[in-house]
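> Let me begin by handing over the structure; questions about it come next.
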Amino acid sequence: MARREHFGGRSAAILALAGSAIGLGNIWRFPYMVGQMGGAAFIIIYLISCVLLSLPIFLAEAVIGHRTHAGTFGAMEKLAPGTKWKWLGLLTVVSPLIILSYYSVVGGWSLGYLWQSLTTGFHAGEIGAVSSAYGAFISSPGWPLLCHTLFLLGCAWIVSAGVKSGIEKFNKITMPLLFVLIVLIMVYSLSLPGAAAGVDYLVRPDFSKITPSAVAAAMGQSFFSLSLGVGTILTYASYIRKNENILATGLGTVGFDLLFALVAGFAIMPAVFAAGIEPGAGPGLIFETLPYIFSKMGVVAPALSAIVAVLFFVTIACAAFTSAISMYEVGVAYLVEQRKLSRRKATALIFLGTWTLGALCSLSFGPLAELKLFGLSLFSFCDMLTSNFLMTFGGLLFVLFVGWKMDKAVVRDEFTAGGTARFNCAVFDAFWFLLRYIAPLAIVIIFITNFFA
Ligand code: PHE
């Protein structure tokens, strides 16, 4: 069998992991949640849950991947051969592919909007007109399907080129670009008249909004944002070289993800308030509100607003691509390692499967709108199933596996880079405690909250 590929070094690994983490979740979910749930008070809770909950879970997944140098299924077979844990390996092959299917639909929309911003632009009108243009776009069968196909083909092209010349190279170029773009957009947004109200919305601490469900929402968001519980972190960590410091890599990734979410908040909310509209939730924020803002600004400064619109949709598309390829790779790693397919064949097979499910999700906004599962459209069902249940369930099992099934000495060895990393040795006991007791408890709380929400 061909030698397993590795990332070039720590910075390459952090960029790839941050590429997986930074995505649509940072751009449309985080800024909206912050404003709705207590501003700076929510940010503090979010920070705490990143460090005390998500970082330990991230490290648990990374320990498994890094120890075994295998994808999710292979890792379970190596660490717990012939046991029921193989089902965790399989679950975490399937769940990222379900996410990828509908994520690619939204990624496709960003390509469609990028095309529009490059060609016709967004025309000034009422917010209602922009919303109905969005509604008409996503419910038409042709365009979104074409965009979904192009988005997924882009992912396939990157993944088929391999871990080093595909995934690593793409993230190395895209991630720095993404930071530059979002900072530029933030500067533009902050310079608009009336931007201060948006800043206020994000930073004014309102502790009365910190209810138990806001805390659960903060934990859930840090979970989604760090791509936990679906084997993407495990798989990428399996490409990190043996002697690398896992804790440093984890801290770097969490830090970048957090920083990007904050900057995205200051890039989006000031513009939303400057245009005098109420921020809405979900994809509507980027596909309805923002085009409306661009069209409004276009009246005053057409050239500048056209450029910002292009930059904005390039940013969203890039953020979506770097996350989507990490989900894609989980499936490819499984087929290459366990089913002995070539990387090309594996990529093609994953394309077929995710394209089909994604196409059905895309059509569920239009021709297939009547098809309901538990009262939800196929798109919403896949989203709800994965983000509310499969991610948390997978995360819980990973944490229980590392904290209660794996040998503590092995985990310590991984965590401390064979005892050579002094800082890691000093904090190992805290990590172990968080992993064994706090993380499972917190995940169960998120799970229950999602169930009754
Ligand atoms: N973390 C990504 C985001 O914020 C989403 C994601 C989930 C990526 C699961 C990979 C796996 O958009």
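Quick note on naming: the chains in the structure tokens go A, B, ... in the order shown, residues restart at 1 in each chain, and ligands are numbered from 1 in order of appearance.
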At a cut-off of 7 Å and counting only C-alpha atoms and all ligand atoms, what residues surround ligand 1? Please answer as number ranges by chain.

A: 20-26, 96, 99, 224-228, 230, 232, 320, 323-324, 326-327

> Kindly assemble as a tab-separated table a list of the region 66-123 of chain A residues that lie within 7 Å of region 346-361 of chain A, each paired with its nearest atom pair and their distance in Å to one decimal, using only C-alpha atoms, sorted first by chain and then by ascending residue number.


```
residue	atom	partner	partner_atom	distance
A:Leu97	CA	A:Thr354	CA	6.5
A:Leu100	CA	A:Thr354	CA	6.8
A:Ser101	CA	A:Gly358	CA	4.2
A:Tyr102	CA	A:Gly358	CA	5.1
A:Ser104	CA	A:Gly358	CA	6.9
A:Val105	CA	A:Gly358	CA	6.3
```

> Name the residues in contact with Ile246 (chain A) at a cut-off of 9 Å, using only C-alpha atoms, excluding same-chain residues fewer than 4 positions from it; report them as a list in words.

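That gives Leu59, Ala62, Val63, His66, Ala237, Ile240, Gly250, Leu251, Glu414, Phe415, Thr416 and Ala417 of chain A.
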
> At a cut-off of 8 Å, using only C-alpha atoms, what residues contact Gly112 (chain A)? Leave out same-chain residues fewer than 5 positions from it and give the result as a list in words.

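Non-adjacent residues within range: Trp143, Pro144 and Cys147 of chain A.
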
> How would the residues just picked look written out with N, CA, C and O atoms as a CSV table (one decimal), in the first residue's frame?


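What landed in out_36.csv:
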```csv
chain,number,residue,atom,x,y,z
A,143,TRP,N,-30.6,26.5,-11.4
A,143,TRP,CA,-29.4,27.2,-10.9
A,143,TRP,C,-28.8,26.6,-9.7
A,143,TRP,O,-27.6,26.3,-9.6
A,144,PRO,N,-29.6,26.4,-8.6
A,144,PRO,CA,-28.9,25.9,-7.4
A,144,PRO,C,-28.3,24.5,-7.6
A,144,PRO,O,-27.3,24.2,-7.0
A,147,CYS,N,-25.0,25.0,-9.3
A,147,CYS,CA,-24.1,25.6,-8.3
A,147,CYS,C,-23.6,24.5,-7.3
A,147,CYS,O,-22.4,24.4,-7.0
```

> So which residues of region 199-275 of chain A fall under helix (DSSP H, G or I) by DSSP, listed as a PyMOL selection string?

chain A and resi 199-203+207-209+212-225+232-237+246-274

> When you draw a straight line from CA of Cys382 (chain A) to CA of Ala217 (chain A), how long is it in Å?

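Distance between the two atoms: 19.1 Å.
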
> Env of Ile158 (chain A): 10 Å cut, atoms = only C-alpha atoms, seq-sep filter 6 positions within chain, self excluded. Answer as an NGL selection string.

:A and (152 or 165-170 or 321-322 or 325 or 328-329 or 347)

> Using only C-alpha atoms, which of the listed residues (A:Gly419, A:Pro270, A:Pro367, A:Gly108) sits closest to Tyr32 (chain A)?

A:Pro270
